[in-house]
Amino acid sequence: MATKVLIFDCDGVLFDSKAANIAFYNHILSRLKLPPMAPDEVEYVHVSTAEGALNYLLTRRDPSLLDKAHKYRRIMDYTPFISLMRMEPHLKELLKDLPPDIKRAVSTNRTYTIADVLRIHGLEEEFDLVVSALDVKNPKPHPESILKILRHFNITPSEALFVGDSEVDQESAARSGVAFVAYKSRSLKADYYIDDLLRIREIIAHRGGG
């Protein structure tokens with residue numbers, strides 16, 4: 001089945017954002033006079049929503065500070081952390097080379113920050129639809145965000161590809177029935193495995209699109 005919509009996760013696919021996420025959450029913890037994240041906590045927050053990440057971190061440290069943490073998150077300026085994000089190699093080349101009839105979408109567990117992330121990195125005009133955790137009742141790994149994208153473009157699951165890098169993305173793709181492309185994540189269960197975003201062109205051609 002030809003690919004009509006290409007769906008990207010944000011963190012780990014469009015950007016290497018681990019350094020930004022570490023700095024962001026450690027900043028909030030420091031503000032609350034709490035210790036920084038441990039390695040296992042870094043992995044958890046990297047694929048979580050901001051609300052879920054703070055709930056996880058504060059429950060482990062001091063649940064009485066949860067409200068204070070969330071209030072501060074909503075008013076703090078995320079812009080300084082965006083500069084720590086690094087666009088994945090060949091992303092802009094891929095987007096430029098995609099056939100014009102293939103729509104591009106983003107399914108992310110980011111909330112308030114995704115618009116600024118895309119704008120500051122010059123990508124705000126590159127996507128036809130962006131679905132964040134604010135746009136759904138159930139963020140990934142629930143399939144709601146992907147199903148929302150399918151409905152928006154009026155396509156079937158077989159006409160989409162989802163590019164992700166985590167078990168959260170893997171589950172979301174599986175539950176929505178969309179073919180999953182694992183990026184730099186060979187341990188995941190996927191229909192395709194890539195280490196370079198330009199390989200997506202070959203996958204699309206193989207499926208009969210482009």
# chains A, B, ... in the order shown; residues from 1 in each chain; ligands from 1
$ residues_around --residues "Arg31 (chain A)" --least-positions-apart "2" --cutoff "12 Å" --atoms "only C-alpha atoms" --output "list in words"
Phe24, Tyr25, Asn26, His27, Ile28, Leu29, Lys33, Leu34, Pro35, Pro36, Leu65, Lys68, Ala69, His70, Tyr72, Arg73 and Met76 of chain A
$ write_last_selection --atoms "N, CA, C and O atoms" --output "PDB file, in the first residue's frame"
ATOM      1  N   PHE A  24      16.472  20.497  31.461  1.00  0.00           N
ATOM      2  CA  PHE A  24      15.149  21.023  31.814  1.00  0.00           C
ATOM      3  C   PHE A  24      14.657  20.463  33.147  1.00  0.00           C
ATOM      4  O   PHE A  24      14.303  21.211  34.067  1.00  0.00           O
ATOM      5  N   TYR A  25      14.644  19.145  33.267  1.00  0.00           N
ATOM      6  CA  TYR A  25      14.114  18.544  34.492  1.00  0.00           C
ATOM      7  C   TYR A  25      15.055  18.743  35.679  1.00  0.00           C
ATOM      8  O   TYR A  25      14.592  18.942  36.814  1.00  0.00           O
ATOM      9  N   ASN A  26      16.342  18.734  35.442  1.00  0.00           N
ATOM     10  CA  ASN A  26      17.267  18.999  36.546  1.00  0.00           C
ATOM     11  C   ASN A  26      17.153  20.442  37.025  1.00  0.00           C
ATOM     12  O   ASN A  26      17.354  20.730  38.206  1.00  0.00           O
ATOM     13  N   HIS A  27      16.836  21.345  36.115  1.00  0.00           N
ATOM     14  CA  HIS A  27      16.613  22.742  36.508  1.00  0.00           C
ATOM     15  C   HIS A  27      15.417  22.850  37.459  1.00  0.00           C
ATOM     16  O   HIS A  27      15.485  23.541  38.478  1.00  0.00           O
ATOM     17  N   ILE A  28      14.330  22.156  37.116  1.00  0.00           N
ATOM     18  CA  ILE A  28      13.146  22.188  37.981  1.00  0.00           C
ATOM     19  C   ILE A  28      13.459  21.555  39.333  1.00  0.00           C
ATOM     20  O   ILE A  28      13.092  22.094  40.386  1.00  0.00           O
ATOM     21  N   LEU A  29      14.148  20.429  39.316  1.00  0.00           N
ATOM     22  CA  LEU A  29      14.510  19.772  40.571  1.00  0.00           C
ATOM     23  C   LEU A  29      15.411  20.668  41.419  1.00  0.00           C
ATOM     24  O   LEU A  29      15.240  20.766  42.649  1.00  0.00           O
ATOM     25  N   LYS A  33      15.174  22.439  45.198  1.00  0.00           N
ATOM     26  CA  LYS A  33      16.227  21.986  46.118  1.00  0.00           C
ATOM     27  C   LYS A  33      16.236  20.460  46.283  1.00  0.00           C
ATOM     28  O   LYS A  33      16.399  19.925  47.376  1.00  0.00           O
ATOM     29  N   LEU A  34      16.052  19.794  45.144  1.00  0.00           N
ATOM     30  CA  LEU A  34      16.046  18.338  45.105  1.00  0.00           C
ATOM     31  C   LEU A  34      17.208  17.848  44.250  1.00  0.00           C
ATOM     32  O   LEU A  34      17.700  18.570  43.380  1.00  0.00           O
ATOM     33  N   PRO A  35      17.663  16.613  44.449  1.00  0.00           N
ATOM     34  CA  PRO A  35      18.805  16.083  43.692  1.00  0.00           C
ATOM     35  C   PRO A  35      18.451  15.864  42.223  1.00  0.00           C
ATOM     36  O   PRO A  35      17.285  15.670  41.870  1.00  0.00           O
ATOM     37  N   PRO A  36      19.463  15.889  41.348  1.00  0.00           N
ATOM     38  CA  PRO A  36      19.224  15.678  39.914  1.00  0.00           C
ATOM     39  C   PRO A  36      18.806  14.249  39.607  1.00  0.00           C
ATOM     40  O   PRO A  36      18.832  13.371  40.472  1.00  0.00           O
ATOM     41  N   LEU A  65       5.649  18.418  46.889  1.00  0.00           N
ATOM     42  CA  LEU A  65       6.109  19.503  46.018  1.00  0.00           C
ATOM     43  C   LEU A  65       5.536  19.410  44.603  1.00  0.00           C
ATOM     44  O   LEU A  65       5.897  20.209  43.737  1.00  0.00           O
ATOM     45  N   LYS A  68       3.747  22.608  43.289  1.00  0.00           N
ATOM     46  CA  LYS A  68       4.735  23.673  43.073  1.00  0.00           C
ATOM     47  C   LYS A  68       5.533  23.412  41.801  1.00  0.00           C
ATOM     48  O   LYS A  68       5.807  24.337  41.020  1.00  0.00           O
ATOM     49  N   ALA A  69       5.891  22.153  41.582  1.00  0.00           N
ATOM     50  CA  ALA A  69       6.667  21.796  40.387  1.00  0.00           C
ATOM     51  C   ALA A  69       5.871  22.062  39.116  1.00  0.00           C
ATOM     52  O   ALA A  69       6.392  22.626  38.141  1.00  0.00           O
ATOM     53  N   HIS A  70       4.605  21.663  39.100  1.00  0.00           N
ATOM     54  CA  HIS A  70       3.782  21.856  37.906  1.00  0.00           C
ATOM     55  C   HIS A  70       3.512  23.336  37.650  1.00  0.00           C
ATOM     56  O   HIS A  70       3.505  23.783  36.495  1.00  0.00           O
ATOM     57  N   TYR A  72       5.451  25.833  38.424  1.00  0.00           N
ATOM     58  CA  TYR A  72       6.677  26.431  37.902  1.00  0.00           C
ATOM     59  C   TYR A  72       6.904  26.029  36.450  1.00  0.00           C
ATOM     60  O   TYR A  72       7.305  26.854  35.616  1.00  0.00           O
ATOM     61  N   ARG A  73       6.638  24.766  36.131  1.00  0.00           N
ATOM     62  CA  ARG A  73       6.812  24.307  34.742  1.00  0.00           C
ATOM     63  C   ARG A  73       5.980  25.134  33.779  1.00  0.00           C
ATOM     64  O   ARG A  73       6.428  25.451  32.670  1.00  0.00           O
ATOM     65  N   MET A  76       7.693  28.782  33.413  1.00  0.00           N
ATOM     66  CA  MET A  76       9.101  28.943  33.083  1.00  0.00           C
ATOM     67  C   MET A  76       9.306  29.026  31.581  1.00  0.00           C
ATOM     68  O   MET A  76       8.490  28.547  30.789  1.00  0.00           O
TER      69      MET A  76
END
$ residues_around --residues "Leu66 (chain A)" --least-positions-apart "5" --cutoff "9 Å" --atoms "only C-alpha atoms" --output "JSON, numbers by chain"
{"A": [54, 55, 58, 59, 71]}
$ write_last_selection --atoms "N, CA, C and O atoms" --output "PDB file, in the first residue's frame"
ATOM      1  N   LEU A  54       7.179  14.770  35.657  1.00  0.00           N
ATOM      2  CA  LEU A  54       7.270  15.410  36.974  1.00  0.00           C
ATOM      3  C   LEU A  54       6.562  14.595  38.047  1.00  0.00           C
ATOM      4  O   LEU A  54       7.034  14.514  39.184  1.00  0.00           O
ATOM      5  N   ASN A  55       5.437  13.999  37.690  1.00  0.00           N
ATOM      6  CA  ASN A  55       4.756  13.121  38.655  1.00  0.00           C
ATOM      7  C   ASN A  55       5.680  11.985  39.084  1.00  0.00           C
ATOM      8  O   ASN A  55       5.766  11.643  40.271  1.00  0.00           O
ATOM      9  N   LEU A  58       8.778  13.553  41.207  1.00  0.00           N
ATOM     10  CA  LEU A  58       8.419  14.090  42.528  1.00  0.00           C
ATOM     11  C   LEU A  58       7.851  13.018  43.449  1.00  0.00           C
ATOM     12  O   LEU A  58       8.039  13.080  44.669  1.00  0.00           O
ATOM     13  N   THR A  59       7.175  12.032  42.887  1.00  0.00           N
ATOM     14  CA  THR A  59       6.682  10.929  43.719  1.00  0.00           C
ATOM     15  C   THR A  59       7.860  10.191  44.351  1.00  0.00           C
ATOM     16  O   THR A  59       7.775   9.726  45.489  1.00  0.00           O
ATOM     17  N   LYS A  71       3.294  24.109  38.696  1.00  0.00           N
ATOM     18  CA  LYS A  71       3.055  25.546  38.519  1.00  0.00           C
ATOM     19  C   LYS A  71       4.286  26.225  37.937  1.00  0.00           C
ATOM     20  O   LYS A  71       4.187  27.072  37.041  1.00  0.00           O
TER      21      LYS A  71
END
$ closest_residue --among "A:Asp40, A:Glu124, A:Glu159, A:Asp169" --to "Ser145 (chain A)" --atoms "only C-alpha atoms"
A:Asp169
$ select_by_dssp --residues "chain A" --states "strand (DSSP E)" --output "ChimeraX atom specification"
/A:5-8,15-16,86-87,103-107,129-131,160-164,179-183,192-194
$ closest_residue --among "A:Leu91, A:Val178, A:Ile102, A:Ala50" --to "Arg74 (chain A)" --atoms "only C-alpha atoms"
A:Ala50
